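Here is the structure we will look at, set down as structure tokens.
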Amino acid sequence: MRLAKSLGAKVVALHVEAPFHVLAAGAAALTETREQSERRAAEFIKQIFDVIAGMAREAGVACTCHSHSGEHVWLEIIIAADKFGCDAICMASHGRRGIAAMLIGSETVKVLTHSKIPVLVVR
């Protein structure tokens with residue numbers, strides 16, 4: 001928010017949720033229904049967006065929040081950046097290194113690789 005404020009920029013907060021899959025890696029997917037998973041995700045997203053909107057208000061930065069679902073999170077991020085006319089993408093890195101990063105893959109690396117606009121990675 002401080003960066004956006006200093007640049008006079010607007011913020012588009014985006015959360016991309018992968019669709020519900022019974023064979024997902026998370027243990028909760030083994031016991032919860034699609035409806036329960038979607039309800040839990042919606043509550044989580046609301047909490048995140050409430051915090052982001054509050055930070056934006058406090059900083060005096062215009063902010064809109066959007067939620068999308070898609071199989072390829074990295075692609076949804078790039079599509080949303082184009083749709084909302086973003087000049088740059090700012091996203092976090094989990095900091096995985098070595099074999100863990102190679103095996104798990106990285107949405108951030110995929111965005112960095114495929115984005116046509118600048119990407120700022122924050123650790």
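Ligands are numbered from 1 in the order shown, chains are lettered A, B, ... in the order of the structure tokens, and residues start at 1 in each chain.
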
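Residues in contact with segment 6-20 of chain A at up to 6 Å, not including ones fewer than 5 positions away on its chain and judged by only C-alpha atoms, are Ala62, Cys63, Thr64, Cys65, His66, Ser67, His68, Ser69, Gly70, Glu71 and Val73 of chain A.
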
Residues as selected, C-alpha atoms, written as a PDB file, in the first residue's frame, can you do that?
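The result, stored in result.pdb:
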ATOM      1  CA  ALA A  62      -8.147   3.309  -4.108  1.00  0.00           C
ATOM      2  CA  CYS A  63      -8.615  -0.458  -4.020  1.00  0.00           C
ATOM      3  CA  THR A  64     -10.946  -3.016  -5.552  1.00  0.00           C
ATOM      4  CA  CYS A  65     -11.032  -6.688  -4.604  1.00  0.00           C
ATOM      5  CA  HIS A  66     -11.788  -9.534  -6.980  1.00  0.00           C
ATOM      6  CA  SER A  67     -11.976 -13.284  -6.585  1.00  0.00           C
ATOM      7  CA  HIS A  68     -11.622 -15.793  -9.404  1.00  0.00           C
ATOM      8  CA  SER A  69     -11.507 -19.543  -9.725  1.00  0.00           C
ATOM      9  CA  GLY A  70      -9.449 -21.432 -12.263  1.00  0.00           C
ATOM     10  CA  GLU A  71      -7.358 -24.526 -12.858  1.00  0.00           C
ATOM     11  CA  VAL A  73      -3.817 -19.847 -10.927  1.00  0.00           C
TER      12      VAL A  73
END

I need the strand (DSSP E) residues of segment 40-69 of chain A per DSSP on the backbone, written as a VMD selection string. chain A and resid 63 to 69

Would you mind exporting C-alpha atoms of the selected residues as a short mmCIF file (atom, residue, chain, number, x, y, z; two decimals), in the first residue's frame?
data_model
loop_
_atom_site.label_atom_id
_atom_site.label_comp_id
_atom_site.auth_asym_id
_atom_site.auth_seq_id
_atom_site.Cartn_x
_atom_site.Cartn_y
_atom_site.Cartn_z
CA CYS A 63 -8.62 -0.46 -4.02
CA THR A 64 -10.95 -3.02 -5.55
CA CYS A 65 -11.03 -6.69 -4.60
CA HIS A 66 -11.79 -9.53 -6.98
CA SER A 67 -11.98 -13.28 -6.58
CA HIS A 68 -11.62 -15.79 -9.40
CA SER A 69 -11.51 -19.54 -9.72
#

Out of A:Lys116, A:Ala53, A:Ile48, A:Arg34, which residue has the shortest atom-to-atom distance to Asp82 of chain A when counting only C-alpha atoms? A:Lys116

Interatomic distance between atom CA of Cys86 of chain A and atom CA of Ile117 of chain A? 8.2 Å

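Look at Ala88 of chain A: the protein and nucleic acid residues within 8 Å of it, using only C-alpha atoms and passing over chain neighbours fewer than 3 places away, are Ala81, Ile117, Pro118, Val119 and Leu120 of chain A.
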
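The interatomic distance for the pair atom CA of Glu107 of chain A and atom CA of Ala4 of chain A works out to 22.8 Å.
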
Please, which residues of segment 41-119 of chain A, numbered as in this document, come out alpha helix (DSSP H) from DSSP, as a PDB file with C-alpha atoms, in the first residue's frame?
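Below is the file that was written, result.pdb:
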ATOM      1  CA  ALA A  41     -12.953 -20.555   0.908  1.00  0.00           C
ATOM      2  CA  ALA A  42     -15.486 -17.701   0.717  1.00  0.00           C
ATOM      3  CA  GLU A  43     -15.049 -16.956   4.433  1.00  0.00           C
ATOM      4  CA  PHE A  44     -11.261 -16.982   4.042  1.00  0.00           C
ATOM      5  CA  ILE A  45     -11.375 -14.692   1.005  1.00  0.00           C
ATOM      6  CA  LYS A  46     -13.702 -12.259   2.823  1.00  0.00           C
ATOM      7  CA  GLN A  47     -11.268 -12.086   5.740  1.00  0.00           C
ATOM      8  CA  ILE A  48      -8.365 -11.386   3.388  1.00  0.00           C
ATOM      9  CA  PHE A  49     -10.273  -8.738   1.442  1.00  0.00           C
ATOM     10  CA  ASP A  50     -11.483  -7.051   4.648  1.00  0.00           C
ATOM     11  CA  VAL A  51      -7.862  -6.674   5.778  1.00  0.00           C
ATOM     12  CA  ILE A  52      -6.717  -5.422   2.370  1.00  0.00           C
ATOM     13  CA  ALA A  53      -9.586  -2.941   2.066  1.00  0.00           C
ATOM     14  CA  GLY A  54      -8.834  -1.654   5.572  1.00  0.00           C
ATOM     15  CA  MET A  55      -5.155  -1.205   4.734  1.00  0.00           C
ATOM     16  CA  ALA A  56      -6.072   0.656   1.552  1.00  0.00           C
ATOM     17  CA  ARG A  57      -8.494   2.964   3.402  1.00  0.00           C
ATOM     18  CA  GLU A  58      -5.878   3.672   6.044  1.00  0.00           C
ATOM     19  CA  ALA A  59      -3.287   4.472   3.359  1.00  0.00           C
ATOM     20  CA  VAL A  73      -3.817 -19.847 -10.927  1.00  0.00           C
ATOM     21  CA  TRP A  74      -0.877 -18.173 -12.696  1.00  0.00           C
ATOM     22  CA  LEU A  75      -2.918 -17.755 -15.877  1.00  0.00           C
ATOM     23  CA  GLU A  76      -5.897 -16.280 -13.984  1.00  0.00           C
ATOM     24  CA  ILE A  77      -3.532 -13.706 -12.456  1.00  0.00           C
ATOM     25  CA  ILE A  78      -2.231 -12.664 -15.874  1.00  0.00           C
ATOM     26  CA  ILE A  79      -5.729 -12.558 -17.388  1.00  0.00           C
ATOM     27  CA  ALA A  80      -7.023 -10.432 -14.480  1.00  0.00           C
ATOM     28  CA  ALA A  81      -4.075  -8.020 -14.763  1.00  0.00           C
ATOM     29  CA  ASP A  82      -4.940  -7.523 -18.423  1.00  0.00           C
ATOM     30  CA  LYS A  83      -8.692  -7.268 -17.754  1.00  0.00           C
ATOM     31  CA  GLY A  98      15.807 -26.370  -4.290  1.00  0.00           C
ATOM     32  CA  ILE A  99      13.928 -29.582  -4.919  1.00  0.00           C
ATOM     33  CA  ALA A 100      10.823 -28.424  -3.006  1.00  0.00           C
ATOM     34  CA  ALA A 101      10.410 -25.506  -5.411  1.00  0.00           C
ATOM     35  CA  MET A 102      10.937 -27.747  -8.432  1.00  0.00           C
ATOM     36  CA  LEU A 103       8.525 -30.440  -7.269  1.00  0.00           C
ATOM     37  CA  ILE A 104       5.792 -28.162  -5.977  1.00  0.00           C
ATOM     38  CA  GLU A 107       2.699 -19.799  -9.418  1.00  0.00           C
ATOM     39  CA  THR A 108       5.028 -16.818  -8.993  1.00  0.00           C
ATOM     40  CA  VAL A 109       7.627 -18.278 -11.366  1.00  0.00           C
ATOM     41  CA  LYS A 110       4.919 -19.037 -13.923  1.00  0.00           C
ATOM     42  CA  VAL A 111       3.620 -15.457 -13.710  1.00  0.00           C
ATOM     43  CA  LEU A 112       7.182 -14.130 -14.029  1.00  0.00           C
ATOM     44  CA  THR A 113       7.753 -16.348 -17.062  1.00  0.00           C
ATOM     45  CA  HIS A 114       4.541 -15.551 -18.921  1.00  0.00           C
TER      46      HIS A 114
END

Using only C-alpha atoms for the distances, tell me which of A:Glu38, A:Val121, A:Ser106, A:Gly60 is nearest to Ile89 of chain A. A:Val121

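Atom CA of Arg2 of chain A is found 8.8 Å from atom CA of Val61 of chain A.
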
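Every protein, DNA or RNA residue with an atom at most 7 Å from Val122 of chain A, where only C-alpha atoms count and chain neighbours fewer than 6 positions away do not, is listed here: Met91, Ala92 and Ser93 of chain A.
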